[in-house]
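*Asks:* Input: one structure, supplied below.
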Amino acid sequence: MYFLNWQKDVSVEELSGQKVVVKRNKSTKDFHEYLLISVYTFISVLLAHPSSPPVVGKLSISNEGYSVRKKLNRLGIPTPRLISISDTVLIEEFIEGGDLYKAFADGKDVLLALQAGALTGKLHNMGYVFIDNKSQNYLVAAGNLVFRTDLGFMQKKSSVFSRSMDIGSFLASVIDFESAKYDAIEKAFFDGYRSETKKYFPYLSVVLRNILSIGFASNQSAMMRNLLMDCGIDGKLKIKKRTIRNPFNIRK
């Protein structure tokens with residue numbers, strides 16, 4: 001699932017005798033960025049947490065560049081080695097293990113999600129968010145080391161809504177696994193996140209997970225089972241105490 005990217009056409013090619021990943025801008029890139037910005041802003045207003053829209057354009061290119069990757073690596077957030085970058089094409093090293101969603105689908109250890117949670121927490125501690133934090137944006141390298149790729153939407157934000165978007169988008173991207181696997185992934189992601197931030201998930205992250213699941217899930221029946229498991233017969237949300245903070249004070 002290296003190829004799941006709605007902004008760029010992604011291919012694995014050979015350069016100087018080694019495999020590399022080449023990402024070329026799609027003709028619809030600007031439209032998709034506008035759509036994401038619009039949806040992000042609309043949902044934030046709808047949930048009474050109005051948030052400024054993500055900045056894209058030149059910032060997206062800067063986020064993918066050498067200096068940002070160097071900074072992230074110093075913070076303990078490994079990224080694929082950048083080989084070259086321009087306004088339209090990015091070339092980075094090929095990570096053999098593929099993305100995290102594929103790893104889970106292939107039966108690899110769900111504890112890999114712990115690393116994804118920890119990387120998310122490290123970024124939040126620095127006052128930044130990924131915005132687009134789906135499991136397909138994490139790659140599994142040799143030795144089960146998890147890398148973060150697709151950095152274009154990273155923003156300097158620390159609001160409840162923006163942090164909840166990171167958590168909610170990750171959980172939504174794995175919600176179509178069978179229930180036991182999903183629960184294990186969620187717990188591992190939470191444990192990794194809390195190990196870095198010493199905080200629980202904001203309650204808003206559950207709401208965002210539920211909204212985003214509609215667009216992320218390929219297995220709608222599994223998605224519905226996992227969503228319904230969080231609900232009682234009367235439809236009230238059953239809060240998982242191990243992960244959720246302040247269920248009735250979501251603006252804190």
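Scheme for the structure tokens: letters A, B, ... for chains in order shown; per-chain residue numbers from 1; ligand numbers from 1 in order shown.
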Excluding region 216-218 of chain A and any residue of its chain fewer than 2 positions from it, enumerate the residues within 8 Å of it, using only C-alpha atoms, and give them as a count of residues only.
*Replies:* 10
*Asks:* DSSP on the backbone: which residues in region 1-237 of chain A end up as alpha helix (DSSP H)? Give the answer as a ChimeraX atom specification.
*Replies:* /A:29-46,58-63,66-74,100-105,112-125,160-173,179-197,204-216,220-229
*Asks:* Sort by chain and increasing residue number a table of all residues of region 89-186 of chain A within 10 Å of region 9-16 of chain A, each with its closest pair of atoms and their distance in Å to one decimal, counting only C-alpha atoms, and write it as CSV.
*Replies:*
residue,atom,partner,partner_atom,distance
A:Val89,CA,A:Asp9,CA,9.6
A:Leu90,CA,A:Val10,CA,9.5
A:Ile91,CA,A:Glu13,CA,9.6
A:Glu92,CA,A:Val12,CA,9.9
A:Glu93,CA,A:Val12,CA,9.6
A:Phe94,CA,A:Val12,CA,7.4
*Asks:* Would you mind writing down, as a PyMOL selection string, each residue of region 8-236 of chain A that DSSP on the backbone assigns to strand (DSSP E)?
*Replies:* chain A and resi 8-15+18-25+82-85+89-93+138-140+146-148+201-202
*Asks:* Could you build a table of the residues in region 158-202 of chain A lying no more than 12 Å from region 51-72 of chain A, giving for each the nearest pair of atoms and their separation in Å rounded to one decimal place, using only C-alpha atoms, ordered by chain and ascending residue number, as CSV?
*Replies:*
residue,atom,partner,partner_atom,distance
A:Ser158,CA,A:Ser51,CA,10.4
A:Ser159,CA,A:Ser51,CA,8.0
A:Val160,CA,A:Ser51,CA,9.5
A:Phe161,CA,A:Ser51,CA,7.2
A:Ser162,CA,A:Ser51,CA,7.7
A:Arg163,CA,A:Ser51,CA,11.3
A:Ser164,CA,A:Ser51,CA,11.9
A:Met165,CA,A:Ser51,CA,11.2
*Asks:* Write to file, as a PDB file, in the first residue's frame, the residues of the selection just made, with C-alpha atoms.
*Replies:*
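Output contents, as saved in out-v5.pdb:
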ATOM      1  CA  SER A 158      -1.446  22.263  19.634  1.00  0.00           C
ATOM      2  CA  SER A 159      -5.210  22.681  19.963  1.00  0.00           C
ATOM      3  CA  VAL A 160      -7.437  19.898  21.258  1.00  0.00           C
ATOM      4  CA  PHE A 161      -8.995  19.621  17.803  1.00  0.00           C
ATOM      5  CA  SER A 162      -5.709  19.298  15.893  1.00  0.00           C
ATOM      6  CA  ARG A 163      -4.285  16.728  18.323  1.00  0.00           C
ATOM      7  CA  SER A 164      -7.572  14.827  18.250  1.00  0.00           C
ATOM      8  CA  MET A 165      -7.436  14.808  14.438  1.00  0.00           C
TER       9      MET A 165
END
*Asks:* Could you work out how far CA of Asp166 (chain A) lies from CA of Val129 (chain A), giving the answer in Å with one decimal?
*Replies:* 6.7 Å
*Asks:* Excluding region 133-150 of chain A and residues on its chain fewer than 6 positions from it, collect all residues at most 7 Å away from it, counting only C-alpha atoms, and give them as a PDB file with N, CA and C atoms, in the first residue's frame.
*Replies:*
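File written: part.pdb
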ATOM      1  N   ILE A  77      11.945  10.852  15.647  1.00  0.00           N
ATOM      2  CA  ILE A  77      10.889  10.508  14.681  1.00  0.00           C
ATOM      3  C   ILE A  77      11.579  10.176  13.366  1.00  0.00           C
ATOM      4  N   PRO A  78      11.913   8.908  13.145  1.00  0.00           N
ATOM      5  CA  PRO A  78      12.661   8.546  11.930  1.00  0.00           C
ATOM      6  C   PRO A  78      11.817   8.700  10.668  1.00  0.00           C
ATOM      7  N   THR A  79      12.451   9.163   9.613  1.00  0.00           N
ATOM      8  CA  THR A  79      11.797   9.318   8.312  1.00  0.00           C
ATOM      9  C   THR A  79      12.670   8.667   7.244  1.00  0.00           C
ATOM     10  N   PRO A  80      12.092   8.276   6.120  1.00  0.00           N
ATOM     11  CA  PRO A  80      12.913   7.730   5.032  1.00  0.00           C
ATOM     12  C   PRO A  80      13.933   8.763   4.559  1.00  0.00           C
ATOM     13  N   ILE A  95      11.489   1.683   1.710  1.00  0.00           N
ATOM     14  CA  ILE A  95      11.427   0.914   2.950  1.00  0.00           C
ATOM     15  C   ILE A  95      10.755  -0.418   2.638  1.00  0.00           C
ATOM     16  N   GLU A  96      11.506  -1.488   2.761  1.00  0.00           N
ATOM     17  CA  GLU A  96      11.098  -2.797   2.251  1.00  0.00           C
ATOM     18  C   GLU A  96       9.805  -3.319   2.872  1.00  0.00           C
ATOM     19  N   GLY A  97       9.571  -3.010   4.149  1.00  0.00           N
ATOM     20  CA  GLY A  97       8.431  -3.625   4.841  1.00  0.00           C
ATOM     21  C   GLY A  97       7.065  -3.100   4.480  1.00  0.00           C
ATOM     22  N   GLY A  98       6.992  -2.003   3.723  1.00  0.00           N
ATOM     23  CA  GLY A  98       5.693  -1.448   3.359  1.00  0.00           C
ATOM     24  C   GLY A  98       5.072  -0.667   4.508  1.00  0.00           C
ATOM     25  N   ASP A  99       3.794  -0.313   4.343  1.00  0.00           N
ATOM     26  CA  ASP A  99       3.170   0.548   5.337  1.00  0.00           C
ATOM     27  C   ASP A  99       2.584  -0.237   6.507  1.00  0.00           C
ATOM     28  N   LEU A 100       2.218   0.497   7.549  1.00  0.00           N
ATOM     29  CA  LEU A 100       1.792  -0.119   8.797  1.00  0.00           C
ATOM     30  C   LEU A 100       0.457  -0.847   8.653  1.00  0.00           C
ATOM     31  N   TYR A 101      -0.460  -0.296   7.871  1.00  0.00           N
ATOM     32  CA  TYR A 101      -1.741  -0.978   7.657  1.00  0.00           C
ATOM     33  C   TYR A 101      -1.506  -2.347   7.024  1.00  0.00           C
ATOM     34  N   GLN A 115       4.776   2.114  18.544  1.00  0.00           N
ATOM     35  CA  GLN A 115       5.751   3.056  17.991  1.00  0.00           C
ATOM     36  C   GLN A 115       5.049   4.230  17.312  1.00  0.00           C
ATOM     37  N   ALA A 116       3.973   3.937  16.561  1.00  0.00           N
ATOM     38  CA  ALA A 116       3.233   5.015  15.893  1.00  0.00           C
ATOM     39  C   ALA A 116       2.658   5.984  16.922  1.00  0.00           C
ATOM     40  N   ASP A 166      -5.167  13.980  14.741  1.00  0.00           N
ATOM     41  CA  ASP A 166      -4.074  13.010  14.573  1.00  0.00           C
ATOM     42  C   ASP A 166      -4.472  11.647  15.131  1.00  0.00           C
ATOM     43  N   SER A 169      -7.633  10.152  13.163  1.00  0.00           N
ATOM     44  CA  SER A 169      -7.351   9.674  11.805  1.00  0.00           C
ATOM     45  C   SER A 169      -6.578   8.358  11.838  1.00  0.00           C
ATOM     46  N   PHE A 170      -5.673   8.194  12.816  1.00  0.00           N
ATOM     47  CA  PHE A 170      -4.977   6.916  12.917  1.00  0.00           C
ATOM     48  C   PHE A 170      -5.961   5.794  13.251  1.00  0.00           C
ATOM     49  N   SER A 173      -8.233   4.758  10.470  1.00  0.00           N
ATOM     50  CA  SER A 173      -7.577   4.045   9.366  1.00  0.00           C
ATOM     51  C   SER A 173      -7.403   2.557   9.644  1.00  0.00           C
TER      52      SER A 173
END
*Asks:* Which distance in Å separates CA of Asn73 (chain A) and CA of Leu119 (chain A), to one decimal?
*Replies:*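 Those two atoms sit 10.6 Å apart.
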*Asks:* Could you please determine the separation between CA of Gly168 (chain A) and CA of Glu196 (chain A) in Å, to one decimal place?
*Replies:* 17.6 Å
